[in-house]
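K.L.:
PDB, C-alpha atoms, saved as query03.pdb, coming up:
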```pdb
ATOM      1  CA  MET A 125     -12.384 -18.854-127.124
ATOM      2  CA  PRO A 126     -14.054 -18.106-123.763
ATOM      3  CA  SER A 127     -13.524 -19.929-120.493
ATOM      4  CA  PRO A 128     -16.578 -19.700-118.222
ATOM      5  CA  THR A 129     -16.077 -21.154-114.754
ATOM      6  CA  SER A 130     -19.657 -22.208-114.123
ATOM      7  CA  GLY A 131     -22.705 -23.327-116.030
ATOM      8  CA  GLY A 132     -24.687 -20.183-115.361
ATOM      9  CA  GLU A 133     -25.075 -19.952-111.603
ATOM     10  CA  GLY A 134     -25.696 -16.386-110.496
ATOM     11  CA  LEU A 135     -26.556 -15.158-113.984
ATOM     12  CA  ASP A 136     -29.573 -13.319-115.245
ATOM     13  CA  GLY A 137     -30.538 -15.653-118.064
ATOM     14  CA  GLY A 138     -28.550 -18.474-116.472
ATOM     15  CA  ALA A 139     -27.660 -21.395-118.672
ATOM     16  CA  MET A 140     -29.236 -19.706-121.720
ATOM     17  CA  LEU A 141     -26.430 -17.134-121.754
ATOM     18  CA  TRP A 142     -23.724 -19.806-121.527
ATOM     19  CA  GLU A 143     -25.453 -21.756-124.310
ATOM     20  CA  LYS A 144     -25.473 -18.624-126.501
ATOM     21  CA  LEU A 145     -21.765 -18.020-125.854
ATOM     22  CA  ASP A 146     -20.957 -21.658-126.516
ATOM     23  CA  GLN A 147     -22.731 -21.542-129.883
ATOM     24  CA  LEU A 148     -21.042 -18.293-130.969
ATOM     25  CA  CYS A 149     -17.508 -19.301-130.009
ATOM     26  CA  ALA A 150     -15.314 -21.791-131.791
ATOM     27  CA  TYR A 151     -14.182 -23.464-128.578
ATOM     28  CA  THR A 152     -15.298 -23.229-124.951
ATOM     29  CA  VAL A 153     -13.300 -24.351-121.919
ATOM     30  CA  TRP A 154     -15.332 -25.051-118.761
ATOM     31  CA  GLY A 155     -13.754 -24.575-115.356
ATOM     32  CA  GLY A 156     -10.074 -23.954-114.981
ATOM     33  CA  ASP A 157     -10.249 -21.201-112.379
ATOM     34  CA  CYS A 158      -6.864 -19.418-112.121
ATOM     35  CA  TYR A 159      -5.313 -21.722-114.756
ATOM     36  CA  SER A 160      -7.602 -20.055-117.292
ATOM     37  CA  TYR A 161      -6.040 -16.676-116.494
ATOM     38  CA  GLY A 162      -2.573 -18.104-117.112
ATOM     39  CA  LEU A 163      -3.765 -19.397-120.473
ATOM     40  CA  LEU A 164      -5.304 -16.009-121.220
ATOM     41  CA  ALA A 165      -2.109 -14.112-120.348
ATOM     42  CA  ASN A 166      -0.103 -16.550-122.481
ATOM     43  CA  GLY A 167      -2.392 -16.205-125.516
ATOM     44  CA  GLY A 168      -4.129 -19.590-125.170
ATOM     45  CA  LEU A 169      -7.581 -18.128-124.464
ATOM     46  CA  ASP A 170      -9.321 -14.994-125.682
ATOM     47  CA  CYS A 171     -11.653 -14.472-122.748
ATOM     48  CA  VAL A 172     -12.459 -15.633-119.203
ATOM     49  CA  ILE A 173     -16.020 -14.933-118.078
ATOM     50  CA  GLU A 174     -16.890 -15.280-114.402
ATOM     51  CA  THR A 175     -19.752 -14.720-111.980
ATOM     52  CA  CYS A 176     -19.827 -14.290-108.226
ATOM     53  CA  LEU A 177     -16.196 -13.196-107.799
ATOM     54  CA  ALA A 178     -15.117 -11.090-104.840
ATOM     55  CA  PRO A 179     -12.156  -8.693-104.880
ATOM     56  CA  TYR A 180      -9.928 -11.309-103.233
ATOM     57  CA  ASP A 181     -10.667 -13.602-106.206
ATOM     58  CA  TYR A 182      -9.592 -11.186-108.945
ATOM     59  CA  LEU A 183      -7.454  -8.287-107.688
ATOM     60  CA  ALA A 184      -4.161 -10.194-107.971
ATOM     61  CA  LEU A 185      -5.100 -11.222-111.530
ATOM     62  CA  VAL A 186      -5.638  -7.685-112.855
ATOM     63  CA  PRO A 187      -1.919  -6.757-113.114
ATOM     64  CA  ILE A 188      -1.103 -10.131-114.663
ATOM     65  CA  VAL A 189      -3.771  -9.814-117.361
ATOM     66  CA  THR A 190      -3.130  -6.142-118.081
ATOM     67  CA  GLY A 191       0.641  -6.671-117.981
ATOM     68  CA  ALA A 192       0.227  -9.261-120.731
ATOM     69  CA  GLY A 193      -1.651  -6.714-122.863
ATOM     70  CA  GLY A 194      -5.161  -7.703-121.846
ATOM     71  CA  TRP A 195      -8.040  -6.065-120.014
ATOM     72  CA  MET A 196     -10.141  -6.997-116.979
ATOM     73  CA  GLY A 197     -13.437  -5.460-115.954
ATOM     74  CA  ASP A 198     -17.031  -6.005-114.972
ATOM     75  CA  TRP A 199     -19.823  -6.817-117.412
ATOM     76  CA  ASN A 200     -20.612  -3.104-117.735
ATOM     77  CA  GLY A 201     -17.141  -2.372-119.092
ATOM     78  CA  ASN A 202     -15.721  -0.812-115.929
ATOM     79  CA  PRO A 203     -12.141  -1.707-114.966
ATOM     80  CA  LEU A 204     -11.850  -3.861-111.841
ATOM     81  CA  THR A 205     -10.621  -2.067-108.751
ATOM     82  CA  LEU A 206     -11.353  -2.392-105.080
ATOM     83  CA  ALA A 207     -13.097   0.998-105.140
ATOM     84  CA  ASN A 208     -15.582   0.106-107.903
ATOM     85  CA  HIS A 209     -16.260  -3.518-106.998
ATOM     86  CA  ASP A 210     -19.423  -4.782-108.702
ATOM     87  CA  LYS A 211     -21.308  -6.644-105.967
ATOM     88  CA  SER A 212     -22.659  -9.136-108.529
ATOM     89  CA  GLY A 213     -19.121 -10.426-109.065
ATOM     90  CA  LYS A 214     -19.626 -10.587-112.834
ATOM     91  CA  THR A 215     -16.177 -10.198-114.347
ATOM     92  CA  ILE A 216     -14.590 -10.598-117.743
ATOM     93  CA  ALA A 217     -10.916 -10.854-118.640
ATOM     94  CA  LEU A 218      -9.695 -10.427-122.210
ATOM     95  CA  GLY A 219      -6.360 -11.302-123.743
ATOM     96  CA  ASN A 220      -6.746  -8.327-126.088
ATOM     97  CA  GLU A 221      -8.627  -5.157-125.148
ATOM     98  CA  ALA A 222      -9.766  -4.811-128.778
ATOM     99  CA  LEU A 223     -12.239  -7.661-128.048
ATOM    100  CA  LYS A 224     -13.918  -5.704-125.251
ATOM    101  CA  ASP A 225     -16.937  -4.290-127.114
ATOM    102  CA  ALA A 226     -17.697  -7.566-128.905
ATOM    103  CA  PHE A 227     -17.650  -9.679-125.737
ATOM    104  CA  LEU A 228     -19.551  -7.122-123.652
ATOM    105  CA  ALA A 229     -22.260  -7.063-126.341
ATOM    106  CA  LEU A 230     -22.542 -10.860-126.095
ATOM    107  CA  LEU A 231     -23.144 -10.601-122.350
ATOM    108  CA  LYS A 232     -26.172  -8.303-122.745
TER     109      LYS A 232
END
```
Write the structure described by the file as structure tokens, please.
P.N.:
Amino acid sequence: MPSPTSGGEGLDGGAMLWEKLDQLCAYTVWGGDCYSYGLLANGGLDCVIETCLAPYDYLALVPIVTGAGGWMGDWNGNPLTLANHDKSGKTIALGNEALKDAFLALLK
């Protein structure tokens, strides 16, 4: 179950990508912002997909997500750090790192 924050702004492919994700997933939650990360860390969501995030938007979330057994990175599969900030702001958070390859493939 993914939780995208927007309807495709800032995406290559825009709304078509969100539509594809929505069709492939059993349930999609729109919006939610930081509440979605709480749900993810608590097992209520599988994935949070974001665009246009800056380090101040996500850096505090990384230890929460990873501490709960999840993973956070950019859409290329790189872990999120201040040093390797992806200027596009495209981020993905997973409740279980085992889902990483499957969700990254969906974002291509």
K.L.:
Between A:Leu163, A:Ala139, A:Leu177, A:Val172, which residue has the minimum interatomic distance to Ala192 (chain A), considering only C-alpha atoms?
P.N.:
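The closest residue to Ala192 (chain A) is A:Leu163.
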K.L.:
Tell me, as a PyMOL selection string, which residues lie within 12 Å of Ser160 (chain A), counting all atoms listed in the file; anything in the same chain fewer than 4 positions away does not count.
P.N.:
chain A and resi 125-129+152-156+164-174+185+189+216-219
K.L.:
Give as number ranges by chain each residue that has an atom at most 9 Å from (-16.5, -5.4, -115.5) in the file, counting all atoms listed in the file.
P.N.:
A: 196-204, 209-210, 213-217, 228
K.L.:
Measure the distance from CA of Thr205 (chain A) to CA of Leu141 (chain A) in Å and round it to one decimal.
P.N.:
25.4 Å
K.L.:
To one decimal place in Å, what is the distance between CA of Cys149 (chain A) and CA of Asn220 (chain A)?
P.N.:
15.9 Å
K.L.:
Report the distance between CA of Ala207 (chain A) and CA of Phe227 (chain A) in Å, rounded to one decimal place.
P.N.:
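Rounded to one decimal, the two atoms are 23.6 Å apart.
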K.L.:
A:Leu223, A:Asn208, A:Leu230, A:Leu183: which is nearest Trp195 (chain A), counting only C-alpha atoms?
P.N.:
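Smallest separation from Trp195 (chain A) among the options: A:Leu223.
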K.L.:
For each of A:Cys176, A:Leu231, A:Val186, A:Leu148, take the minimum atom-to-atom distance to Tyr161 (chain A), counting all atoms listed in the file, then give the residue where this is smallest.
P.N.:
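Closest to Tyr161 (chain A) of all the choices is A:Val186.
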K.L.:
Find the residue from A:Met140, A:Gly191, A:Ala178, A:Asp157 that sits nearest to Lys211 (chain A); use all atoms listed in the file when measuring.
P.N.:
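When distances to Lys211 (chain A) are compared using all atoms listed in the file, the smallest one comes from A:Ala178.
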K.L.:
Measuring atom to atom with all atoms listed in the file, identify which of A:Lys232, A:Tyr151, A:Cys158, A:Trp142 is nearest to Tyr182 (chain A).
P.N.:
A:Cys158
